[in-house]
Amino acid sequence: MDVFPSAPRAHRNPVLVARKMALVKAPHMAKLTEFAQRIATERKVDVPLFDPASGGTGSKVLLLLESPDPGAVRSGINSLDNDDPTAANGFTAVAESGLSRKVCLAWNVVPWHLDGRSPTPAELRGAVPYLVDLLRLLPDLKAVVVLGRPAGTGWTLSGRGHKLKVFNAPHPSPLTINRDRAGKWPQLVDAFRQAAAASG
């Protein structure tokens, strides 16, 4: 089974989720899986893993969101393939932009689930060292797409001095996009398109 599906919400299929879970220690994923598991141990929280349907440690574009969505909690994977509307919007916008999933990595500025609420300033500060550590695991990274205000705050707190091209975009959640779809959807797609160009 191809782990790069052609339509959103593919994690409705438990066979695909199982196939991805079998790949979390593949060469491009092993260090990232160990990293996520370290966060879970240190913070005593559940941390969904990185998606094997990605560039893994060879990724050139980081898609930085706020915190794991409900689909990530169900599947155990941070993925644009999750069965929830935020992931579906992200999947569709990335596909529309022409950005290849094979050069991307999706992650959250706060890597643990927050039960649908926004992160507190203290949670953002506590999570920032993990973002800095993640950047060290991505030597080929060229661009970051910062999705929404909390992710932007986390990125600012991380120091930003990483010589990366940064593109700010609305968070892909329906609560954000549906308020002004005519304005926000093009911004979201354009940020992904610019990141694709920056990735070379």
# chains A, B, ... in the order shown; residues from 1 in each chain; ligands from 1
call {"tool": "residues_around", "arguments": {"residues": "region 102-108 of chain A", "least_positions_apart": "5", "cutoff": "8 Å", "atoms": "only C-alpha atoms", "output": "mmCIF file with all heavy atoms, in the first residue's frame"}}
result
data_model
loop_
_atom_site.group_PDB
_atom_site.id
_atom_site.type_symbol
_atom_site.label_atom_id
_atom_site.label_comp_id
_atom_site.auth_asym_id
_atom_site.auth_seq_id
_atom_site.Cartn_x
_atom_site.Cartn_y
_atom_site.Cartn_z
ATOM 1 N N PHE A 50 5.854 11.336 14.320
ATOM 2 C CA PHE A 50 6.000 11.933 12.999
ATOM 3 C C PHE A 50 5.471 10.965 11.940
ATOM 4 O O PHE A 50 5.507 9.752 12.115
ATOM 5 C CB PHE A 50 7.472 12.242 12.704
ATOM 6 C CG PHE A 50 8.059 13.325 13.554
ATOM 7 C CD1 PHE A 50 8.604 13.040 14.802
ATOM 8 C CD2 PHE A 50 8.094 14.637 13.102
ATOM 9 C CE1 PHE A 50 9.165 14.042 15.585
ATOM 10 C CE2 PHE A 50 8.660 15.647 13.868
ATOM 11 C CZ PHE A 50 9.189 15.348 15.124
ATOM 12 N N ASP A 51 5.027 11.521 10.837
ATOM 13 C CA ASP A 51 4.423 10.727 9.766
ATOM 14 C C ASP A 51 5.503 10.157 8.843
ATOM 15 O O ASP A 51 6.275 10.920 8.256
ATOM 16 C CB ASP A 51 3.475 11.627 8.962
ATOM 17 C CG ASP A 51 2.593 10.849 8.006
ATOM 18 O OD1 ASP A 51 2.801 9.632 7.832
ATOM 19 O OD2 ASP A 51 1.690 11.480 7.417
ATOM 20 N N ALA A 53 4.987 9.149 5.985
ATOM 21 C CA ALA A 53 4.666 9.704 4.661
ATOM 22 C C ALA A 53 5.139 11.148 4.634
ATOM 23 O O ALA A 53 4.361 12.102 4.652
ATOM 24 C CB ALA A 53 3.176 9.604 4.384
ATOM 25 N N SER A 54 6.461 11.300 4.612
ATOM 26 C CA SER A 54 7.086 12.614 4.698
ATOM 27 C C SER A 54 8.527 12.483 4.238
ATOM 28 O O SER A 54 8.971 11.403 3.853
ATOM 29 C CB SER A 54 7.066 13.118 6.145
ATOM 30 O OG SER A 54 7.930 12.331 6.957
ATOM 31 N N GLY A 55 9.260 13.579 4.337
ATOM 32 C CA GLY A 55 10.688 13.530 4.037
ATOM 33 C C GLY A 55 11.513 13.044 5.206
ATOM 34 O O GLY A 55 12.725 12.836 5.064
ATOM 35 N N GLY A 56 10.870 12.880 6.381
ATOM 36 C CA GLY A 56 11.618 12.432 7.552
ATOM 37 C C GLY A 56 12.769 13.376 7.866
ATOM 38 O O GLY A 56 12.647 14.594 7.750
ATOM 39 N N GLY A 58 15.235 13.952 6.179
ATOM 40 C CA GLY A 58 15.683 14.625 4.959
ATOM 41 C C GLY A 58 14.745 15.721 4.487
ATOM 42 O O GLY A 58 14.908 16.253 3.380
ATOM 43 N N SER A 59 13.769 16.075 5.314
ATOM 44 C CA SER A 59 12.768 17.060 4.910
ATOM 45 C C SER A 59 13.391 18.421 4.629
ATOM 46 O O SER A 59 14.329 18.852 5.305
ATOM 47 C CB SER A 59 11.699 17.203 6.001
ATOM 48 O OG SER A 59 10.965 16.014 6.125
ATOM 49 N N LYS A 60 12.817 19.107 3.657
ATOM 50 C CA LYS A 60 13.258 20.456 3.301
ATOM 51 C C LYS A 60 12.282 21.534 3.763
ATOM 52 O O LYS A 60 12.640 22.709 3.808
ATOM 53 C CB LYS A 60 13.447 20.555 1.782
ATOM 54 C CG LYS A 60 14.541 19.640 1.254
ATOM 55 C CD LYS A 60 14.710 19.793 -0.248
ATOM 56 C CE LYS A 60 15.835 18.898 -0.764
ATOM 57 N NZ LYS A 60 16.028 19.051 -2.229
ATOM 58 N N VAL A 61 11.056 21.120 4.098
ATOM 59 C CA VAL A 61 10.030 22.068 4.531
ATOM 60 C C VAL A 61 9.377 21.539 5.810
ATOM 61 O O VAL A 61 8.918 20.399 5.845
ATOM 62 C CB VAL A 61 8.947 22.267 3.447
ATOM 63 C CG1 VAL A 61 7.872 23.226 3.949
ATOM 64 C CG2 VAL A 61 9.563 22.791 2.152
ATOM 65 N N LEU A 62 9.343 22.379 6.848
ATOM 66 C CA LEU A 62 8.659 22.043 8.088
ATOM 67 C C LEU A 62 7.326 22.773 8.125
ATOM 68 O O LEU A 62 7.273 23.995 7.967
ATOM 69 C CB LEU A 62 9.517 22.458 9.286
ATOM 70 C CG LEU A 62 8.900 22.237 10.678
ATOM 71 C CD1 LEU A 62 8.698 20.750 10.954
ATOM 72 C CD2 LEU A 62 9.775 22.875 11.757
ATOM 73 N N LEU A 63 6.253 22.023 8.309
ATOM 74 C CA LEU A 63 4.919 22.597 8.479
ATOM 75 C C LEU A 63 4.654 22.640 9.975
ATOM 76 O O LEU A 63 4.441 21.609 10.603
ATOM 77 C CB LEU A 63 3.865 21.748 7.765
ATOM 78 C CG LEU A 63 4.158 21.364 6.307
ATOM 79 C CD1 LEU A 63 3.005 20.556 5.727
ATOM 80 C CD2 LEU A 63 4.436 22.609 5.465
ATOM 81 N N LEU A 64 4.681 23.841 10.554
ATOM 82 C CA LEU A 64 4.613 23.980 11.998
ATOM 83 C C LEU A 64 3.226 24.455 12.417
ATOM 84 O O LEU A 64 2.818 25.581 12.126
ATOM 85 C CB LEU A 64 5.677 24.971 12.479
ATOM 86 C CG LEU A 64 5.838 25.092 13.993
ATOM 87 C CD1 LEU A 64 6.337 23.768 14.595
ATOM 88 C CD2 LEU A 64 6.799 26.225 14.335
ATOM 89 N N LEU A 65 2.504 23.560 13.099
ATOM 90 C CA LEU A 65 1.166 23.872 13.587
ATOM 91 C C LEU A 65 1.196 24.106 15.099
ATOM 92 O O LEU A 65 2.259 24.252 15.688
ATOM 93 C CB LEU A 65 0.197 22.752 13.201
ATOM 94 C CG LEU A 65 -0.039 22.627 11.688
ATOM 95 C CD1 LEU A 65 0.702 21.413 11.141
ATOM 96 C CD2 LEU A 65 -1.513 22.516 11.388
ATOM 97 N N GLU A 66 0.014 24.112 15.694
ATOM 98 C CA GLU A 66 -0.136 24.519 17.091
ATOM 99 C C GLU A 66 0.034 23.353 18.065
ATOM 100 O O GLU A 66 0.926 23.348 18.908
ATOM 101 C CB GLU A 66 -1.518 25.148 17.252
ATOM 102 C CG GLU A 66 -1.845 25.637 18.625
ATOM 103 C CD GLU A 66 -3.193 26.356 18.626
ATOM 104 O OE1 GLU A 66 -3.504 27.074 17.657
ATOM 105 O OE2 GLU A 66 -3.932 26.186 19.605
ATOM 106 N N SER A 67 -0.824 22.350 17.968
ATOM 107 C CA SER A 67 -0.791 21.174 18.831
ATOM 108 C C SER A 67 -1.530 20.055 18.104
ATOM 109 O O SER A 67 -2.270 20.311 17.160
ATOM 110 C CB SER A 67 -1.447 21.460 20.188
ATOM 111 O OG SER A 67 -2.799 21.800 20.018
ATOM 112 N N PRO A 68 -1.317 18.800 18.503
ATOM 113 C CA PRO A 68 -1.943 17.687 17.787
ATOM 114 C C PRO A 68 -3.465 17.793 17.744
ATOM 115 O O PRO A 68 -4.110 18.094 18.754
ATOM 116 C CB PRO A 68 -1.492 16.457 18.577
ATOM 117 C CG PRO A 68 -0.212 16.883 19.218
ATOM 118 C CD PRO A 68 -0.409 18.330 19.558
ATOM 119 N N ASN A 78 1.134 12.426 13.639
ATOM 120 C CA ASN A 78 0.897 13.788 13.164
ATOM 121 C C ASN A 78 0.902 13.747 11.638
ATOM 122 O O ASN A 78 1.950 13.557 11.032
ATOM 123 C CB ASN A 78 2.009 14.721 13.641
ATOM 124 C CG ASN A 78 1.815 15.152 15.061
ATOM 125 O OD1 ASN A 78 0.924 15.936 15.354
ATOM 126 N ND2 ASN A 78 2.644 14.629 15.953
ATOM 127 N N SER A 79 -0.251 13.947 11.040
ATOM 128 C CA SER A 79 -0.327 13.708 9.601
ATOM 129 C C SER A 79 -1.428 14.522 8.939
ATOM 130 O O SER A 79 -2.508 14.723 9.512
ATOM 131 C CB SER A 79 -0.589 12.220 9.340
ATOM 132 O OG SER A 79 -0.751 11.973 7.960
ATOM 133 N N LEU A 80 -1.164 14.943 7.717
ATOM 134 C CA LEU A 80 -2.196 15.568 6.892
ATOM 135 C C LEU A 80 -3.232 14.539 6.438
ATOM 136 O O LEU A 80 -4.250 14.907 5.859
ATOM 137 C CB LEU A 80 -1.562 16.230 5.660
ATOM 138 C CG LEU A 80 -0.589 17.370 5.924
ATOM 139 C CD1 LEU A 80 -0.055 17.921 4.597
ATOM 140 C CD2 LEU A 80 -1.226 18.482 6.749
ATOM 141 N N ALA A 151 1.729 28.993 16.773
ATOM 142 C CA ALA A 151 2.938 28.466 16.133
ATOM 143 C C ALA A 151 3.920 29.599 15.860
ATOM 144 O O ALA A 151 5.136 29.443 16.012
ATOM 145 C CB ALA A 151 2.588 27.744 14.839
ATOM 146 N N SER A 199 12.203 25.245 -1.414
ATOM 147 C CA SER A 199 12.811 23.944 -1.142
ATOM 148 C C SER A 199 13.732 23.474 -2.256
ATOM 149 O O SER A 199 14.444 22.495 -2.119
ATOM 150 C CB SER A 199 11.721 22.894 -0.896
ATOM 151 O OG SER A 199 11.037 22.573 -2.104
#
call {"tool": "residues_around", "arguments": {"residues": "Ala122 (chain A)", "least_positions_apart": "3", "cutoff": "12 Å", "atoms": "only C-alpha atoms", "output": "PyMOL selection string"}}
result
chain A and resi 110+118-119+125-128+150+153-154+157
call {"tool": "residues_around", "arguments": {"residues": "region 177-194 of chain A", "least_positions_apart": "2", "cutoff": "9 Å", "atoms": "only C-alpha atoms", "output": "PDB file with C-alpha atoms, in the first residue's frame"}}
result
ATOM      1  CA  LEU A  63       4.919  22.597   8.479  1.00  0.00           C
ATOM      2  CA  ASN A  89      -7.763  21.318   4.832  1.00  0.00           C
ATOM      3  CA  GLY A  90      -3.999  20.989   5.145  1.00  0.00           C
ATOM      4  CA  THR A  92      -6.030  19.857   0.164  1.00  0.00           C
ATOM      5  CA  ALA A  93      -4.052  23.107   0.383  1.00  0.00           C
ATOM      6  CA  VAL A  94      -0.705  21.314   0.076  1.00  0.00           C
ATOM      7  CA  ALA A  95      -1.973  19.370  -2.941  1.00  0.00           C
ATOM      8  CA  GLU A  96      -3.305  22.552  -4.546  1.00  0.00           C
ATOM      9  CA  SER A  97       0.010  24.329  -4.022  1.00  0.00           C
ATOM     10  CA  GLY A  98       2.125  21.657  -5.692  1.00  0.00           C
ATOM     11  CA  LEU A  99       4.286  21.165  -2.581  1.00  0.00           C
ATOM     12  CA  VAL A 145       5.548  27.319   7.093  1.00  0.00           C
ATOM     13  CA  VAL A 146       4.246  28.744  10.369  1.00  0.00           C
ATOM     14  CA  LEU A 147       0.522  28.020  10.600  1.00  0.00           C
ATOM     15  CA  PHE A 167       6.302  31.778   5.493  1.00  0.00           C
ATOM     16  CA  ASN A 168       3.387  32.724   7.735  1.00  0.00           C
ATOM     17  CA  ALA A 169      -0.070  31.370   6.948  1.00  0.00           C
ATOM     18  CA  PRO A 170      -3.473  30.956   8.597  1.00  0.00           C
ATOM     19  CA  HIS A 171      -4.026  27.824  10.635  1.00  0.00           C
ATOM     20  CA  PRO A 172      -5.914  25.291   8.465  1.00  0.00           C
ATOM     21  CA  SER A 173      -8.643  24.645  11.049  1.00  0.00           C
ATOM     22  CA  PRO A 174     -12.218  25.287   9.871  1.00  0.00           C
ATOM     23  CA  LEU A 175     -12.637  27.830  12.691  1.00  0.00           C
ATOM     24  CA  ALA A 196       7.829  24.570  -2.455  1.00  0.00           C
ATOM     25  CA  ALA A 197       9.835  27.092  -4.463  1.00  0.00           C
ATOM     26  CA  ALA A 198      12.209  27.667  -1.550  1.00  0.00           C
ATOM     27  CA  SER A 199      12.811  23.944  -1.142  1.00  0.00           C
TER      28      SER A 199
END
call {"tool": "closest_residue", "arguments": {"among": "A:Glu123, A:Ala36, A:Asp84, A:Val24", "to": "Arg12 (chain A)", "atoms": "only C-alpha atoms"}}
result
A:Asp84
call {"tool": "select_by_dssp", "arguments": {"residues": "chain A", "states": "alpha helix (DSSP H)", "output": "PyMOL selection string"}}
result
chain A and resi 14-21+30-43+70-75+85-97+121-136+149-157+174-177+181-198
call {"tool": "write_last_selection", "arguments": {"atoms": "C-alpha atoms", "output": "JSON list (two decimals), in the first residue's frame"}}
result
[["chain", "number", "residue", "atom", "x", "y", "z"],
["A", 14, "PRO", "CA", -6.77, 1.35, 9.81],
["A", 15, "VAL", "CA", -4.68, -0.66, 7.36],
["A", 16, "LEU", "CA", -2.92, 2.52, 6.22],
["A", 17, "VAL", "CA", -2.30, 3.60, 9.81],
["A", 18, "ALA", "CA", -0.84, 0.17, 10.62],
["A", 19, "ARG", "CA", 1.36, 0.34, 7.53],
["A", 20, "LYS", "CA", 2.71, 3.71, 8.63],
["A", 21, "MET", "CA", 3.29, 2.50, 12.18],
["A", 30, "ALA", "CA", 14.19, 6.46, 13.41],
["A", 31, "LYS", "CA", 15.73, 9.59, 14.96],
["A", 32, "LEU", "CA", 12.42, 11.45, 14.78],
["A", 33, "THR", "CA", 10.55, 8.60, 16.44],
["A", 34, "GLU", "CA", 13.13, 8.45, 19.23],
["A", 35, "PHE", "CA", 12.78, 12.23, 19.63],
["A", 36, "ALA", "CA", 8.98, 12.10, 19.95],
["A", 37, "GLN", "CA", 9.24, 9.25, 22.44],
["A", 38, "ARG", "CA", 11.77, 11.24, 24.48],
["A", 39, "ILE", "CA", 9.34, 14.16, 24.74],
["A", 40, "ALA", "CA", 6.58, 11.80, 25.87],
["A", 41, "THR", "CA", 8.83, 10.34, 28.57],
["A", 42, "GLU", "CA", 10.15, 13.68, 29.81],
["A", 43, "ARG", "CA", 6.78, 15.42, 29.89],
["A", 70, "PRO", "CA", -8.05, 14.96, 17.41],
["A", 71, "GLY", "CA", -7.16, 12.85, 14.38],
["A", 72, "ALA", "CA", -3.54, 12.68, 15.54],
["A", 73, "VAL", "CA", -4.66, 11.50, 18.95],
["A", 74, "ARG", "CA", -6.72, 8.72, 17.35],
["A", 75, "SER", "CA", -4.10, 7.57, 14.84],
["A", 85, "PRO", "CA", -11.22, 18.73, 9.12],
["A", 86, "THR", "CA", -7.98, 20.55, 9.98],
["A", 87, "ALA", "CA", -5.85, 17.78, 8.47],
["A", 88, "ALA", "CA", -8.18, 17.59, 5.47],
["A", 89, "ASN", "CA", -7.76, 21.32, 4.83],
["A", 90, "GLY", "CA", -4.00, 20.99, 5.14],
["A", 91, "PHE", "CA", -3.94, 18.02, 2.77],
["A", 92, "THR", "CA", -6.03, 19.86, 0.16],
["A", 93, "ALA", "CA", -4.05, 23.11, 0.38],
["A", 94, "VAL", "CA", -0.70, 21.31, 0.08],
["A", 95, "ALA", "CA", -1.97, 19.37, -2.94],
["A", 96, "GLU", "CA", -3.30, 22.55, -4.55],
["A", 97, "SER", "CA", 0.01, 24.33, -4.02],
["A", 121, "PRO", "CA", 2.41, 31.10, 27.38],
["A", 122, "ALA", "CA", 4.00, 28.70, 29.86],
["A", 123, "GLU", "CA", 3.27, 25.70, 27.61],
["A", 124, "LEU", "CA", 4.77, 27.49, 24.64],
["A", 125, "ARG", "CA", 7.91, 28.36, 26.58],
["A", 126, "GLY", "CA", 8.17, 24.78, 27.83],
["A", 127, "ALA", "CA", 7.86, 23.38, 24.32],
["A", 128, "VAL", "CA", 10.32, 25.69, 22.56],
["A", 129, "PRO", "CA", 13.47, 23.72, 23.52],
["A", 130, "TYR", "CA", 11.98, 20.71, 21.72],
["A", 131, "LEU", "CA", 11.48, 22.78, 18.58],
["A", 132, "VAL", "CA", 15.12, 23.86, 18.73],
["A", 133, "ASP", "CA", 16.14, 20.21, 19.16],
["A", 134, "LEU", "CA", 13.98, 19.20, 16.18],
["A", 135, "LEU", "CA", 15.70, 21.69, 13.90],
["A", 136, "ARG", "CA", 19.03, 20.00, 14.67],
["A", 149, "ARG", "CA", -0.53, 32.64, 15.82],
["A", 150, "PRO", "CA", 0.55, 30.16, 18.56],
["A", 151, "ALA", "CA", 2.94, 28.47, 16.13],
["A", 152, "GLY", "CA", 4.25, 31.92, 15.23],
["A", 153, "THR", "CA", 4.81, 32.75, 18.88],
["A", 154, "GLY", "CA", 6.63, 29.47, 19.41],
["A", 155, "TRP", "CA", 8.79, 30.11, 16.37],
["A", 156, "THR", "CA", 9.67, 33.58, 17.66],
["A", 157, "LEU", "CA", 10.59, 32.18, 21.07],
["A", 174, "PRO", "CA", -12.22, 25.29, 9.87],
["A", 175, "LEU", "CA", -12.64, 27.83, 12.69],
["A", 176, "THR", "CA", -9.94, 29.93, 11.03],
["A", 177, "ILE", "CA", -10.47, 29.23, 7.35],
["A", 181, "ARG", "CA", -12.36, 31.47, 3.15],
["A", 182, "ALA", "CA", -12.07, 33.82, 0.18],
["A", 183, "GLY", "CA", -9.18, 35.60, 1.88],
["A", 184, "LYS", "CA", -7.52, 32.98, 4.03],
["A", 185, "TRP", "CA", -7.53, 29.97, 1.71],
["A", 186, "PRO", "CA", -5.40, 31.70, -0.96],
["A", 187, "GLN", "CA", -2.98, 32.81, 1.79],
["A", 188, "LEU", "CA", -2.64, 29.23, 2.99],
["A", 189, "VAL", "CA", -2.06, 27.81, -0.49],
["A", 190, "ASP", "CA", 0.37, 30.60, -1.40],
["A", 191, "ALA", "CA", 2.51, 29.96, 1.68],
["A", 192, "PHE", "CA", 2.82, 26.30, 0.71],
["A", 193, "ARG", "CA", 3.59, 27.30, -2.88],
["A", 194, "GLN", "CA", 6.36, 29.65, -1.74],
["A", 195, "ALA", "CA", 7.80, 26.96, 0.49],
["A", 196, "ALA", "CA", 7.83, 24.57, -2.46],
["A", 197, "ALA", "CA", 9.83, 27.09, -4.46],
["A", 198, "ALA", "CA", 12.21, 27.67, -1.55]]
call {"tool": "atom_distance", "arguments": {"atom1": "CA of His162 (chain A)", "atom2": "CA of Lys142 (chain A)"}}
result
9.4 Å
call {"tool": "closest_residue", "arguments": {"among": "A:Lys163, A:Asp83, A:Ala143, A:Ala7", "to": "Gly200 (chain A)", "atoms": "only C-alpha atoms"}}
result
A:Ala143
call {"tool": "select_by_dssp", "arguments": {"residues": "chain A", "states": "strand (DSSP E or B)", "output": "compact mmCIF listing (two decimals) with N, CA, C and O atoms, in the first residue's frame"}}
result
# COMPACT_ATOMS: atom_id res chain seq x y z
N LEU A 49 3.39 10.48 16.88
CA LEU A 49 4.66 10.35 16.17
C LEU A 49 4.66 11.15 14.86
O LEU A 49 3.63 11.57 14.36
N PHE A 50 5.85 11.34 14.32
CA PHE A 50 6.00 11.93 13.00
C PHE A 50 5.47 10.96 11.94
O PHE A 50 5.51 9.75 12.11
N VAL A 61 11.06 21.12 4.10
CA VAL A 61 10.03 22.07 4.53
C VAL A 61 9.38 21.54 5.81
O VAL A 61 8.92 20.40 5.84
N LEU A 62 9.34 22.38 6.85
CA LEU A 62 8.66 22.04 8.09
C LEU A 62 7.33 22.77 8.12
O LEU A 62 7.27 23.99 7.97
N LEU A 63 6.25 22.02 8.31
CA LEU A 63 4.92 22.60 8.48
C LEU A 63 4.65 22.64 9.98
O LEU A 63 4.44 21.61 10.60
N LEU A 64 4.68 23.84 10.55
CA LEU A 64 4.61 23.98 12.00
C LEU A 64 3.23 24.46 12.42
O LEU A 64 2.82 25.58 12.13
N LEU A 65 2.50 23.56 13.10
CA LEU A 65 1.17 23.87 13.59
C LEU A 65 1.20 24.11 15.10
O LEU A 65 2.26 24.25 15.69
N ILE A 77 -0.38 9.53 14.98
CA ILE A 77 0.55 10.09 13.99
C ILE A 77 0.16 11.53 13.68
O ILE A 77 -1.02 11.82 13.45
N ASN A 78 1.13 12.43 13.64
CA ASN A 78 0.90 13.79 13.16
C ASN A 78 0.90 13.75 11.64
O ASN A 78 1.95 13.56 11.03
N CYS A 104 8.28 17.27 2.91
CA CYS A 104 7.67 17.97 4.04
C CYS A 104 7.72 17.15 5.32
O CYS A 104 7.79 15.92 5.28
N LEU A 105 7.60 17.87 6.43
CA LEU A 105 7.42 17.23 7.72
C LEU A 105 6.45 18.09 8.53
O LEU A 105 6.67 19.29 8.70
N ALA A 106 5.37 17.49 9.00
CA ALA A 106 4.39 18.22 9.82
C ALA A 106 4.68 17.98 11.29
O ALA A 106 4.92 16.85 11.72
N TRP A 107 4.63 19.07 12.06
CA TRP A 107 4.87 18.97 13.50
C TRP A 107 4.13 20.10 14.19
O TRP A 107 3.57 20.98 13.54
N ASN A 108 4.15 20.06 15.51
CA ASN A 108 3.43 21.06 16.30
C ASN A 108 4.37 21.75 17.27
O ASN A 108 5.23 21.09 17.87
N ALA A 143 12.97 25.67 4.61
CA ALA A 143 11.84 26.57 4.81
C ALA A 143 10.93 26.05 5.91
O ALA A 143 10.83 24.84 6.16
N VAL A 144 10.25 26.99 6.56
CA VAL A 144 9.25 26.67 7.58
C VAL A 144 7.97 27.41 7.22
O VAL A 144 8.00 28.61 6.92
N VAL A 145 6.86 26.68 7.24
CA VAL A 145 5.55 27.32 7.09
C VAL A 145 4.93 27.35 8.49
O VAL A 145 4.64 26.30 9.07
N VAL A 146 4.77 28.55 9.02
CA VAL A 146 4.25 28.74 10.37
C VAL A 146 2.74 28.96 10.25
O VAL A 146 2.29 29.95 9.66
N LEU A 147 1.97 28.05 10.81
CA LEU A 147 0.52 28.02 10.60
C LEU A 147 -0.22 28.47 11.86
O LEU A 147 -0.41 27.71 12.80
N LYS A 165 14.02 30.14 5.37
CA LYS A 165 12.96 31.00 4.86
C LYS A 165 11.67 30.64 5.60
O LYS A 165 11.33 29.47 5.74
N VAL A 166 10.99 31.65 6.09
CA VAL A 166 9.81 31.44 6.91
C VAL A 166 8.60 32.08 6.24
O VAL A 166 8.66 33.25 5.82
N PHE A 167 7.53 31.31 6.13
CA PHE A 167 6.30 31.78 5.49
C PHE A 167 5.16 31.63 6.50
O PHE A 167 4.92 30.54 7.02
N ASN A 168 4.50 32.73 6.78
CA ASN A 168 3.39 32.72 7.73
C ASN A 168 2.08 32.50 6.99
O ASN A 168 1.86 33.07 5.91
N ALA A 169 1.20 31.70 7.59
CA ALA A 169 -0.07 31.37 6.95
C ALA A 169 -1.13 31.17 8.02
O ALA A 169 -0.82 30.89 9.18
call {"tool": "atom_distance", "arguments": {"atom1": "CA of Pro5 (chain A)", "atom2": "CA of Leu23 (chain A)"}}
result
15.4 Å
call {"tool": "atom_distance", "arguments": {"atom1": "CA of His113 (chain A)", "atom2": "CA of Leu137 (chain A)"}}
result
22.3 Å
call {"tool": "decode", "arguments": {"residues": "region 13-25 of chain A", "atoms": "N, CA, C and O atoms", "output": "mmCIF file, in the first residue's frame"}}
result
data_model
loop_
_atom_site.group_PDB
_atom_site.id
_atom_site.type_symbol
_atom_site.label_atom_id
_atom_site.label_comp_id
_atom_site.auth_asym_id
_atom_site.auth_seq_id
_atom_site.Cartn_x
_atom_site.Cartn_y
_atom_site.Cartn_z
ATOM 1 N N ASN A 13 -8.799 4.535 7.174
ATOM 2 C CA ASN A 13 -8.448 3.150 6.873
ATOM 3 C C ASN A 13 -7.401 2.675 7.878
ATOM 4 O O ASN A 13 -6.243 3.104 7.816
ATOM 5 N N PRO A 14 -7.743 1.793 8.807
ATOM 6 C CA PRO A 14 -6.774 1.350 9.810
ATOM 7 C C PRO A 14 -5.600 0.591 9.208
ATOM 8 O O PRO A 14 -4.539 0.514 9.820
ATOM 9 N N VAL A 15 -5.782 0.054 8.013
ATOM 10 C CA VAL A 15 -4.680 -0.658 7.358
ATOM 11 C C VAL A 15 -3.559 0.322 7.005
ATOM 12 O O VAL A 15 -2.371 0.019 7.161
ATOM 13 N N LEU A 16 -3.924 1.506 6.541
ATOM 14 C CA LEU A 16 -2.918 2.517 6.222
ATOM 15 C C LEU A 16 -2.191 2.969 7.488
ATOM 16 O O LEU A 16 -0.964 3.105 7.490
ATOM 17 N N VAL A 17 -2.933 3.189 8.561
ATOM 18 C CA VAL A 17 -2.302 3.604 9.811
ATOM 19 C C VAL A 17 -1.324 2.527 10.290
ATOM 20 O O VAL A 17 -0.196 2.837 10.700
ATOM 21 N N ALA A 18 -1.717 1.268 10.207
ATOM 22 C CA ALA A 18 -0.842 0.171 10.619
ATOM 23 C C ALA A 18 0.404 0.111 9.741
ATOM 24 O O ALA A 18 1.519 -0.143 10.236
ATOM 25 N N ARG A 19 0.220 0.342 8.443
ATOM 26 C CA ARG A 19 1.361 0.339 7.527
ATOM 27 C C ARG A 19 2.349 1.446 7.892
ATOM 28 O O ARG A 19 3.569 1.232 7.916
ATOM 29 N N LYS A 20 1.821 2.617 8.234
ATOM 30 C CA LYS A 20 2.706 3.711 8.633
ATOM 31 C C LYS A 20 3.415 3.393 9.951
ATOM 32 O O LYS A 20 4.616 3.651 10.101
ATOM 33 N N MET A 21 2.679 2.825 10.896
ATOM 34 C CA MET A 21 3.292 2.502 12.183
ATOM 35 C C MET A 21 4.434 1.497 12.029
ATOM 36 O O MET A 21 5.392 1.503 12.803
ATOM 37 N N ALA A 22 4.328 0.659 11.020
ATOM 38 C CA ALA A 22 5.399 -0.302 10.759
ATOM 39 C C ALA A 22 6.648 0.372 10.202
ATOM 40 O O ALA A 22 7.712 -0.253 10.147
ATOM 41 N N LEU A 23 6.513 1.641 9.805
ATOM 42 C CA LEU A 23 7.636 2.364 9.195
ATOM 43 C C LEU A 23 8.250 3.410 10.107
ATOM 44 O O LEU A 23 9.158 4.135 9.685
ATOM 45 N N VAL A 24 7.785 3.519 11.350
ATOM 46 C CA VAL A 24 8.259 4.622 12.183
ATOM 47 C C VAL A 24 9.728 4.479 12.584
ATOM 48 O O VAL A 24 10.335 5.452 13.053
ATOM 49 N N LYS A 25 10.311 3.305 12.375
ATOM 50 C CA LYS A 25 11.738 3.143 12.653
ATOM 51 C C LYS A 25 12.540 2.923 11.373
ATOM 52 O O LYS A 25 13.681 2.469 11.412
#
